[in-house]
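> Next comes model12.cif, mmCIF, C-alpha atoms and all ligand atoms:
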```cif
data_final
#
loop_
_atom_site.group_PDB
_atom_site.id
_atom_site.type_symbol
_atom_site.label_atom_id
_atom_site.label_comp_id
_atom_site.auth_asym_id
_atom_site.auth_seq_id
_atom_site.Cartn_x
_atom_site.Cartn_y
_atom_site.Cartn_z
ATOM 1 C CA MET P 269 -4.250 38.120 -6.876
ATOM 2 C CA LYS P 270 -4.984 34.589 -8.005
ATOM 3 C CA GLU P 271 -5.478 31.430 -6.049
ATOM 4 C CA LEU P 272 -3.825 28.082 -6.715
ATOM 5 C CA ARG P 273 -5.148 24.765 -5.470
ATOM 6 C CA TRP P 274 -3.746 21.261 -5.444
ATOM 7 C CA GLU P 275 -5.778 18.130 -5.284
ATOM 8 C CA THR P 276 -4.644 14.711 -4.061
ATOM 9 C CA LYS P 277 -6.651 11.667 -5.011
ATOM 10 C CA ALA P 278 -6.362 8.177 -3.556
ATOM 11 C CA GLU P 279 -8.228 4.980 -4.302
ATOM 12 C CA VAL P 280 -9.044 3.138 -1.081
ATOM 13 C CA TYR P 281 -9.231 -0.668 -1.157
ATOM 14 C CA LYS P 282 -10.086 -3.295 1.417
ATOM 15 C CA VAL P 283 -7.504 -6.091 1.492
ATOM 16 C CA ASP P 284 -9.802 -8.574 -0.272
ATOM 17 C CA GLU P 285 -10.542 -6.059 -3.047
ATOM 18 C CA LEU P 286 -6.901 -5.618 -4.030
ATOM 19 C CA PRO P 287 -6.001 -6.728 -7.567
ATOM 20 C CA ASP P 288 -3.595 -9.744 -7.523
ATOM 21 C CA GLY P 289 -0.457 -7.835 -8.503
ATOM 22 C CA TYR P 290 -0.953 -5.360 -5.684
ATOM 23 C CA LYS P 291 -1.767 -8.091 -3.165
ATOM 24 C CA ARG P 292 1.665 -9.590 -3.848
ATOM 25 C CA LEU P 293 3.301 -6.231 -3.086
ATOM 26 C CA TYR P 294 1.115 -5.785 -0.005
ATOM 27 C CA ASP P 295 2.219 -9.156 1.425
ATOM 28 C CA LYS P 296 5.859 -8.536 0.581
ATOM 29 C CA ALA P 297 5.899 -5.056 2.174
ATOM 30 C CA PHE P 298 4.706 -6.513 5.500
ATOM 31 C CA GLU P 299 7.176 -9.386 5.139
ATOM 32 C CA VAL P 300 10.199 -7.118 4.684
ATOM 33 C CA ALA P 301 9.009 -4.835 7.508
ATOM 34 C CA ARG P 302 9.776 -7.710 9.884
ATOM 35 C CA ASP P 303 13.466 -7.504 9.020
ATOM 36 C CA ALA P 304 13.798 -3.774 9.726
ATOM 37 C CA TYR P 305 16.513 -2.744 12.154
ATOM 38 C CA ALA P 306 14.447 -0.599 14.515
ATOM 39 C CA PRO P 307 15.582 -1.302 18.087
ATOM 40 C CA TYR P 308 14.958 2.298 19.218
ATOM 41 C CA SER P 309 11.445 2.947 17.947
ATOM 42 C CA GLY P 310 10.092 -0.599 17.691
ATOM 43 C CA PHE P 311 8.380 0.694 14.540
ATOM 44 C CA HIS P 312 9.234 -1.571 11.625
ATOM 45 C CA VAL P 313 8.603 -0.243 8.130
ATOM 46 C CA GLY P 314 8.952 -2.216 4.906
ATOM 47 C CA ALA P 315 8.938 -0.978 1.334
ATOM 48 C CA VAL P 316 8.893 -2.778 -1.997
ATOM 49 C CA ALA P 317 9.659 -1.195 -5.332
ATOM 50 C CA LEU P 318 8.164 -2.919 -8.357
ATOM 51 C CA LEU P 319 10.304 -2.092 -11.381
ATOM 52 C CA ASP P 320 9.373 -1.789 -15.026
ATOM 53 C CA ASP P 321 11.131 -5.083 -15.829
ATOM 54 C CA GLY P 322 9.130 -6.928 -13.146
ATOM 55 C CA SER P 323 11.912 -7.072 -10.552
ATOM 56 C CA MET P 324 11.119 -6.294 -6.935
ATOM 57 C CA VAL P 325 13.564 -4.336 -4.803
ATOM 58 C CA CYS P 326 12.979 -4.383 -1.059
ATOM 59 C CA GLY P 327 14.094 -2.325 1.901
ATOM 60 C CA ASN P 328 13.212 -1.362 5.442
ATOM 61 C CA ASN P 329 14.111 1.237 8.026
ATOM 62 C CA GLN P 330 17.610 1.087 9.453
ATOM 63 C CA GLU P 331 18.077 2.895 12.747
ATOM 64 C CA ASN P 332 21.214 3.955 14.559
ATOM 65 C CA ALA P 333 22.187 4.868 18.132
ATOM 66 C CA ALA P 334 23.033 8.285 16.683
ATOM 67 C CA TYR P 335 19.366 8.732 15.697
ATOM 68 C CA PRO P 336 19.595 10.967 12.610
ATOM 69 C CA SER P 337 22.081 8.581 11.025
ATOM 70 C CA GLY P 338 19.311 6.054 10.422
ATOM 71 C CA LEU P 339 17.145 5.986 7.320
ATOM 72 C CA CYS P 340 13.482 5.335 6.513
ATOM 73 C CA ALA P 341 12.339 2.282 4.573
ATOM 74 C CA GLU P 342 11.249 4.299 1.524
ATOM 75 C CA ARG P 343 14.633 5.925 0.976
ATOM 76 C CA THR P 344 16.570 2.746 1.758
ATOM 77 C CA THR P 345 14.524 1.011 -0.924
ATOM 78 C CA LEU P 346 14.666 3.699 -3.588
ATOM 79 C CA PHE P 347 18.407 4.188 -3.123
ATOM 80 C CA HIS P 348 18.847 0.416 -3.331
ATOM 81 C CA ALA P 349 16.861 0.398 -6.599
ATOM 82 C CA GLY P 350 18.753 3.427 -7.930
ATOM 83 C CA ALA P 351 22.098 1.802 -7.146
ATOM 84 C CA CYS P 352 21.317 -1.620 -8.649
ATOM 85 C CA TYR P 353 18.918 -0.672 -11.469
ATOM 86 C CA PRO P 354 19.781 2.931 -12.377
ATOM 87 C CA ASP P 355 18.001 2.787 -15.740
ATOM 88 C CA VAL P 356 14.862 0.885 -14.781
ATOM 89 C CA ALA P 357 11.776 2.843 -13.743
ATOM 90 C CA VAL P 358 9.968 2.162 -10.478
ATOM 91 C CA ARG P 359 6.282 1.616 -11.281
ATOM 92 C CA VAL P 360 4.958 1.084 -7.764
ATOM 93 C CA LEU P 361 6.330 1.694 -4.284
ATOM 94 C CA ALA P 362 4.445 -0.269 -1.595
ATOM 95 C CA ILE P 363 4.885 0.690 2.061
ATOM 96 C CA ALA P 364 3.751 -1.148 5.221
ATOM 97 C CA ALA P 365 4.477 -0.918 8.945
ATOM 98 C CA LEU P 366 4.462 -3.078 12.064
ATOM 99 C CA ASN P 367 4.356 -1.444 15.469
ATOM 100 C CA GLU P 368 5.826 -3.792 18.079
ATOM 101 C CA GLY P 369 5.115 -6.614 15.618
ATOM 102 C CA LYS P 370 1.481 -5.672 14.881
ATOM 103 C CA ARG P 371 0.186 -4.484 11.516
ATOM 104 C CA VAL P 372 -0.909 -0.877 11.724
ATOM 105 C CA ARG P 373 -3.189 1.238 9.565
ATOM 106 C CA SER P 374 -1.520 2.595 6.445
ATOM 107 C CA ILE P 375 1.295 5.034 7.126
ATOM 108 C CA THR P 376 2.200 7.930 4.898
ATOM 109 C CA PRO P 377 5.804 8.677 4.000
ATOM 110 C CA CYS P 378 7.645 11.482 5.786
ATOM 111 C CA GLY P 379 8.520 14.707 3.984
ATOM 112 C CA ALA P 380 12.140 13.771 3.295
ATOM 113 C CA CYS P 381 11.053 10.475 1.724
ATOM 114 C CA ARG P 382 8.462 12.263 -0.412
ATOM 115 C CA GLN P 383 11.198 14.541 -1.708
ATOM 116 C CA VAL P 384 13.283 11.519 -2.736
ATOM 117 C CA MET P 385 10.237 9.725 -4.163
ATOM 118 C CA ILE P 386 9.373 12.731 -6.293
ATOM 119 C CA GLU P 387 12.870 13.002 -7.701
ATOM 120 C CA THR P 388 12.768 9.291 -8.583
ATOM 121 C CA GLU P 389 9.577 9.948 -10.524
ATOM 122 C CA ARG P 390 10.949 13.032 -12.280
ATOM 123 C CA ARG P 391 14.206 11.290 -13.118
ATOM 124 C CA GLN P 392 12.488 8.321 -14.744
ATOM 125 C CA GLY P 393 9.863 10.438 -16.530
ATOM 126 C CA LYS P 394 7.150 7.901 -15.664
ATOM 127 C CA ALA P 395 4.593 7.894 -12.892
ATOM 128 C CA MET P 396 5.490 5.996 -9.750
ATOM 129 C CA ARG P 397 2.352 4.727 -8.026
ATOM 130 C CA VAL P 398 2.333 4.556 -4.240
ATOM 131 C CA LEU P 399 0.579 1.800 -2.304
ATOM 132 C CA LEU P 400 0.089 2.620 1.379
ATOM 133 C CA CYS P 401 -0.654 -0.728 2.984
ATOM 134 C CA GLY P 402 -2.735 -0.813 6.133
ATOM 135 C CA GLU P 403 -3.980 -3.712 8.181
ATOM 136 C CA LYS P 404 -7.496 -3.220 6.757
ATOM 137 C CA GLU P 405 -7.324 -0.509 4.118
ATOM 138 C CA ILE P 406 -4.928 0.275 1.330
ATOM 139 C CA TYR P 407 -4.502 3.634 -0.355
ATOM 140 C CA LEU P 408 -3.363 3.729 -3.963
ATOM 141 C CA ILE P 409 -2.017 7.037 -5.235
ATOM 142 C CA ALA P 410 -1.575 7.245 -8.987
ATOM 143 C CA LYS P 411 1.546 9.369 -9.018
ATOM 144 C CA THR P 412 4.060 10.370 -6.391
ATOM 145 C CA SER P 413 3.943 14.052 -7.281
ATOM 146 C CA ASP P 414 0.396 14.094 -5.833
ATOM 147 C CA LEU P 415 1.946 13.497 -2.420
ATOM 148 C CA LEU P 416 4.145 16.573 -2.517
ATOM 149 C CA PRO P 417 2.682 19.398 -4.555
ATOM 150 C CA PHE P 418 4.665 22.622 -4.869
ATOM 151 C CA SER P 419 7.901 20.766 -4.135
ATOM 152 C CA PHE P 420 11.478 21.896 -4.477
ATOM 153 C CA ASP P 421 13.195 20.570 -7.574
ATOM 154 C CA GLU P 422 16.291 20.909 -9.697
ATOM 155 C CA LYS P 423 14.800 23.735 -11.796
ATOM 156 C CA SER P 424 15.298 26.097 -8.874
ATOM 157 C CA LEU P 425 19.015 25.288 -8.854
ATOM 158 C CA LYS P 426 19.338 26.599 -12.389
ATOM 159 C CA GLU P 427 17.557 29.920 -11.924
HETATM 160 N N1 LIG W 1 9.860 5.463 9.246
HETATM 161 C C1 LIG W 1 9.957 4.930 7.991
HETATM 162 O O1 LIG W 1 10.809 4.084 7.720
HETATM 163 N N2 LIG W 1 9.086 5.361 7.059
HETATM 164 C C2 LIG W 1 8.068 6.227 7.284
HETATM 165 O O2 LIG W 1 7.311 6.527 6.363
HETATM 166 C C3 LIG W 1 7.871 6.813 8.606
HETATM 167 C C4 LIG W 1 8.900 6.468 9.626
HETATM 168 C C5 LIG W 1 10.780 4.968 10.282
HETATM 169 C C6 LIG W 1 11.816 5.944 10.757
HETATM 170 C C7 LIG W 1 12.109 5.411 12.139
HETATM 171 O O3 LIG W 1 13.081 4.358 12.026
HETATM 172 C C8 LIG W 1 10.800 4.786 12.600
HETATM 173 O O4 LIG W 1 10.038 4.579 11.424
HETATM 174 C C9 LIG W 1 10.018 5.649 13.588
HETATM 175 O O5 LIG W 1 9.820 6.924 13.073
#
```
In structure tokens, write the structure found in this file.

Amino acid sequence: MKELRWETKAEVYKVDELPDGYKRLYDKAFEVARDAYAPYSGFHVGAVALLDDGSMVCGNNQENAAYPSGLCAERTTLFHAGACYPDVAVRVLAIAALNEGKRVRSITPCGACRQVMIETERRQGKAMRVLLCGEKEIYLIAKTSDLLPFSFDEKSLKE
């Protein structure tokens, strides 16, 4: 028998400690959260993908009366980036949420979004950093794979 362990590290910043580039993403993630279509939950999530060429691609959650038909902000954003910039790597994905209009503490992406985030990272062959933006604290994770260790991937499909 052997034991395996996974470790997840995050840097935790206060808003006023954030380096300039990240502060821009932080502000933008809250800004795009406002435009989410979330009439059922009242929980508005925004995401911003900073690409290798400096472009920013934004998205937010889009709900539907048939609940499972809606989509989270993270996947809306990464699919938007994948559709418009298929060959440009995503360097940072910033995520922020407003509950009934108020900034909340940093949220962490759901499992399905992590699966999509991880495939984005694998596909581009470069780390995608994740910035979880809270009202007071911000978590910076150096690579998406840290958020979903032991994940399912395309290798299993070929076995
Ligand atoms: N949601 C996101 O967009 N991202 C997350 O990381 C967590 C949840 C959305 C889905 C749904 O529209 C609403 O927030 C409440 O779960």
> Please return the centre and edge lengths, in Å to one decimal, of a box with edges along x, y and z that contains all listed atoms of ligand LIG 1 (chain W), widened by 5 Å on every side, as AutoDock Vina command-line options.

```
--center_x 10.2 --center_y 5.5 --center_z 10.0 --size_x 15.8 --size_y 12.8 --size_z 17.2
```
> Exactly which residues make up the result of the PyMOL selection byres (((chain P and resi 341-345) around 6) and not hetatm) on this file, given as a list in words?
Val313, Gly314, Ala315, Cys326, Gly327, Asn328, Asn329, Cys340, Leu346, Phe347, His348 and Cys381 of chain P
> Around the point (-8.9, 10.0, -3.2) in the file's coordinates, collect all residues with an atom within 9 Å, using only C-alpha atoms, and return them as a PyMOL selection string.
chain P and resi 275-280+407-409
> Pick the closest to ligand LIG 1 (chain W) from P:Leu425, P:Leu339, P:Leu399, P:Leu286: which is it, counting all atoms listed in the file?
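Ranking P:Leu425, P:Leu339, P:Leu399, P:Leu286 by distance to ligand LIG 1 (chain W), first place goes to P:Leu339.
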> Pick from P:Phe298, P:Asp321, P:Asn367, P:Thr376: nearest to ligand LIG 1 (chain W), with only C-alpha atoms and all ligand atoms counted?
P:Thr376
> Atom CA of Ile363 of chain P to atom CA of Trp274 of chain P: how many Å, to one decimal?
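Computed distance, atom CA of Ile363 of chain P to atom CA of Trp274 of chain P, equals 23.5 Å.
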> Anything within 8 Å of (3.5, 5.3, -6.4): list those residues as a list in words, counting only C-alpha atoms and sticking to the file's coordinates.
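Checked against the point, the hits come out as Arg359, Val360, Leu361, Ala362, Ala395, Met396, Arg397, Val398, Leu399, Leu408, Ile409, Ala410, Lys411 and Thr412 of chain P.
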> Could you check which of P:Phe420, P:Tyr353, P:Tyr281, P:Tyr290 is closest to Ile386 of chain P, using all atoms listed in the file?
P:Phe420
> Using only C-alpha atoms and all ligand atoms, which of P:Asp421, P:Glu285, P:Asp303, P:Asp320 sits nearest ligand LIG 1 (chain W)?
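Checking each candidate against ligand LIG 1 (chain W), we get P:Asp303 as the closest.
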> What separation in Å, quoted to one decimal, exists between atom CA of Gly393 of chain P and atom CA of Ile406 of chain P?
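Going from atom CA of Gly393 of chain P over to atom CA of Ile406 of chain P covers 25.3 Å.
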> Considering all atoms listed in the file, can you say which of P:Glu403, P:Glu368, P:Asp284, P:Asp414 comes closest to Ala297 of chain P?
P:Glu403
> Select, from P:His312, P:Lys404, P:Arg371, P:Arg391, the residue with the minimum atom-to-atom distance to ligand LIG 1 (chain W), counting all atoms listed in the file.
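Of P:His312, P:Lys404, P:Arg371, P:Arg391, the one nearest ligand LIG 1 (chain W) is P:His312, counting all atoms listed in the file.
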> Work out how far atom CA of Phe311 of chain P is from atom CA of Leu366 of chain P, in Å to one decimal.
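Interatomic distance here is 6.0 Å.
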> Can you pull out every residue within 9 Å of Gln383 of chain P, counting only C-alpha atoms, but drop anything in the same chain fewer than 3 positions away, and send it as a list in words?
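The residues satisfying every condition are Cys378, Gly379, Ala380, Ile386, Glu387, Thr388, Leu416, Ser419, Phe420 and Asp421 of chain P.
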> Could you tell me which residues the PyMOL selection byres (((chain P and resi 392) around 8) and not hetatm) grabs in this file, written as a list of chain:residue names?
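With the shown file as input, the PyMOL selection byres (((chain P and resi 392) around 8) and not hetatm) matches P:Asp355, P:Val356, P:Ala357, P:Val358, P:Thr388, P:Glu389, P:Arg390, P:Arg391, P:Gly393, P:Lys394.
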> Taking the file above as input, evaluate the PyMOL selection byres (((chain P and resi 305) around 7) and not hetatm) and report the hits as a ChimeraX atom specification.
/P:303-304,306-307,329-331
> Would you mind putting back all heavy atoms on segment 384-395 of chain P, then writing it out as a PDB file, in the coordinates of the input?

```pdb
ATOM      1  N   VAL P 384      12.497  12.506  -1.983  1.00  0.00           N
ATOM      2  CA  VAL P 384      13.283  11.519  -2.736  1.00  0.00           C
ATOM      3  C   VAL P 384      12.383  10.760  -3.721  1.00  0.00           C
ATOM      4  O   VAL P 384      12.757  10.503  -4.871  1.00  0.00           O
ATOM      5  CB  VAL P 384      14.005  10.545  -1.763  1.00  0.00           C
ATOM      6  CG1 VAL P 384      14.591   9.348  -2.495  1.00  0.00           C
ATOM      7  CG2 VAL P 384      15.090  11.292  -0.999  1.00  0.00           C
ATOM      8  N   MET P 385      11.170  10.450  -3.288  1.00  0.00           N
ATOM      9  CA  MET P 385      10.237   9.725  -4.163  1.00  0.00           C
ATOM     10  C   MET P 385       9.924  10.561  -5.405  1.00  0.00           C
ATOM     11  O   MET P 385       9.880  10.061  -6.533  1.00  0.00           O
ATOM     12  CB  MET P 385       8.942   9.418  -3.395  1.00  0.00           C
ATOM     13  CG  MET P 385       9.122   8.333  -2.342  1.00  0.00           C
ATOM     14  SD  MET P 385       7.830   8.307  -1.075  1.00  0.00           S
ATOM     15  CE  MET P 385       6.409   7.851  -2.035  1.00  0.00           C
ATOM     16  N   ILE P 386       9.729  11.840  -5.197  1.00  0.00           N
ATOM     17  CA  ILE P 386       9.373  12.731  -6.293  1.00  0.00           C
ATOM     18  C   ILE P 386      10.523  12.861  -7.296  1.00  0.00           C
ATOM     19  O   ILE P 386      10.326  12.908  -8.497  1.00  0.00           O
ATOM     20  CB  ILE P 386       8.968  14.091  -5.703  1.00  0.00           C
ATOM     21  CG1 ILE P 386       7.558  14.387  -6.089  1.00  0.00           C
ATOM     22  CG2 ILE P 386       9.834  15.210  -6.083  1.00  0.00           C
ATOM     23  CD1 ILE P 386       7.035  15.605  -5.425  1.00  0.00           C
ATOM     24  N   GLU P 387      11.734  12.890  -6.773  1.00  0.00           N
ATOM     25  CA  GLU P 387      12.870  13.002  -7.701  1.00  0.00           C
ATOM     26  C   GLU P 387      13.046  11.700  -8.485  1.00  0.00           C
ATOM     27  O   GLU P 387      13.436  11.714  -9.646  1.00  0.00           O
ATOM     28  CB  GLU P 387      14.149  13.394  -6.954  1.00  0.00           C
ATOM     29  CG  GLU P 387      15.297  13.650  -7.914  1.00  0.00           C
ATOM     30  CD  GLU P 387      16.230  14.761  -7.497  1.00  0.00           C
ATOM     31  OE1 GLU P 387      15.825  15.656  -6.725  1.00  0.00           O
ATOM     32  OE2 GLU P 387      17.381  14.740  -7.968  1.00  0.00           O
ATOM     33  N   THR P 388      12.729  10.580  -7.866  1.00  0.00           N
ATOM     34  CA  THR P 388      12.768   9.291  -8.583  1.00  0.00           C
ATOM     35  C   THR P 388      11.792   9.360  -9.756  1.00  0.00           C
ATOM     36  O   THR P 388      12.121   8.981 -10.888  1.00  0.00           O
ATOM     37  CB  THR P 388      12.350   8.138  -7.633  1.00  0.00           C
ATOM     38  OG1 THR P 388      13.235   8.134  -6.520  1.00  0.00           O
ATOM     39  CG2 THR P 388      12.371   6.795  -8.329  1.00  0.00           C
ATOM     40  N   GLU P 389      10.604   9.870  -9.482  1.00  0.00           N
ATOM     41  CA  GLU P 389       9.577   9.948 -10.524  1.00  0.00           C
ATOM     42  C   GLU P 389       9.999  10.898 -11.647  1.00  0.00           C
ATOM     43  O   GLU P 389       9.885  10.581 -12.834  1.00  0.00           O
ATOM     44  CB  GLU P 389       8.256  10.394  -9.904  1.00  0.00           C
ATOM     45  CG  GLU P 389       7.087  10.313 -10.849  1.00  0.00           C
ATOM     46  CD  GLU P 389       5.771  10.605 -10.143  1.00  0.00           C
ATOM     47  OE1 GLU P 389       5.564  11.770  -9.732  1.00  0.00           O
ATOM     48  OE2 GLU P 389       4.965   9.685  -9.972  1.00  0.00           O
ATOM     49  N   ARG P 390      10.530  12.054 -11.263  1.00  0.00           N
ATOM     50  CA  ARG P 390      10.949  13.032 -12.280  1.00  0.00           C
ATOM     51  C   ARG P 390      12.072  12.468 -13.135  1.00  0.00           C
ATOM     52  O   ARG P 390      12.096  12.624 -14.346  1.00  0.00           O
ATOM     53  CB  ARG P 390      11.466  14.309 -11.610  1.00  0.00           C
ATOM     54  CG  ARG P 390      10.362  15.231 -11.264  1.00  0.00           C
ATOM     55  CD  ARG P 390      10.834  16.683 -11.272  1.00  0.00           C
ATOM     56  NE  ARG P 390       9.786  17.445 -10.646  1.00  0.00           N
ATOM     57  CZ  ARG P 390       9.771  17.757  -9.349  1.00  0.00           C
ATOM     58  NH1 ARG P 390      10.780  17.457  -8.572  1.00  0.00           N
ATOM     59  NH2 ARG P 390       8.757  18.410  -8.847  1.00  0.00           N
ATOM     60  N   ARG P 391      13.026  11.825 -12.444  1.00  0.00           N
ATOM     61  CA  ARG P 391      14.206  11.290 -13.118  1.00  0.00           C
ATOM     62  C   ARG P 391      13.821  10.232 -14.145  1.00  0.00           C
ATOM     63  O   ARG P 391      14.365  10.191 -15.239  1.00  0.00           O
ATOM     64  CB  ARG P 391      15.103  10.697 -12.028  1.00  0.00           C
ATOM     65  CG  ARG P 391      16.367  10.065 -12.486  1.00  0.00           C
ATOM     66  CD  ARG P 391      17.117   9.581 -11.251  1.00  0.00           C
ATOM     67  NE  ARG P 391      18.188   8.686 -11.615  1.00  0.00           N
ATOM     68  CZ  ARG P 391      18.872   7.943 -10.755  1.00  0.00           C
ATOM     69  NH1 ARG P 391      18.600   7.996  -9.482  1.00  0.00           N
ATOM     70  NH2 ARG P 391      19.830   7.148 -11.172  1.00  0.00           N
ATOM     71  N   GLN P 392      12.854   9.405 -13.822  1.00  0.00           N
ATOM     72  CA  GLN P 392      12.488   8.321 -14.744  1.00  0.00           C
ATOM     73  C   GLN P 392      11.467   8.765 -15.790  1.00  0.00           C
ATOM     74  O   GLN P 392      11.240   8.072 -16.778  1.00  0.00           O
ATOM     75  CB  GLN P 392      11.999   7.101 -13.962  1.00  0.00           C
ATOM     76  CG  GLN P 392      10.701   7.297 -13.215  1.00  0.00           C
ATOM     77  CD  GLN P 392      10.374   6.135 -12.266  1.00  0.00           C
ATOM     78  OE1 GLN P 392      11.263   5.409 -11.814  1.00  0.00           O
ATOM     79  NE2 GLN P 392       9.113   5.930 -11.979  1.00  0.00           N
ATOM     80  N   GLY P 393      10.825   9.920 -15.555  1.00  0.00           N
ATOM     81  CA  GLY P 393       9.863  10.438 -16.530  1.00  0.00           C
ATOM     82  C   GLY P 393       8.617   9.576 -16.663  1.00  0.00           C
ATOM     83  O   GLY P 393       7.903   9.639 -17.665  1.00  0.00           O
ATOM     84  N   LYS P 394       8.345   8.765 -15.672  1.00  0.00           N
ATOM     85  CA  LYS P 394       7.150   7.901 -15.664  1.00  0.00           C
ATOM     86  C   LYS P 394       6.559   7.936 -14.275  1.00  0.00           C
ATOM     87  O   LYS P 394       7.311   7.996 -13.283  1.00  0.00           O
ATOM     88  CB  LYS P 394       7.537   6.440 -15.915  1.00  0.00           C
ATOM     89  CG  LYS P 394       7.726   6.067 -17.340  1.00  0.00           C
ATOM     90  CD  LYS P 394       7.959   4.568 -17.413  1.00  0.00           C
ATOM     91  CE  LYS P 394       8.311   4.179 -18.845  1.00  0.00           C
ATOM     92  NZ  LYS P 394       8.761   2.794 -18.924  1.00  0.00           N
ATOM     93  N   ALA P 395       5.248   7.847 -14.198  1.00  0.00           N
ATOM     94  CA  ALA P 395       4.593   7.894 -12.892  1.00  0.00           C
ATOM     95  C   ALA P 395       5.042   6.746 -11.994  1.00  0.00           C
ATOM     96  O   ALA P 395       5.223   5.618 -12.464  1.00  0.00           O
ATOM     97  CB  ALA P 395       3.079   7.818 -13.074  1.00  0.00           C
TER      98      ALA P 395
END
```
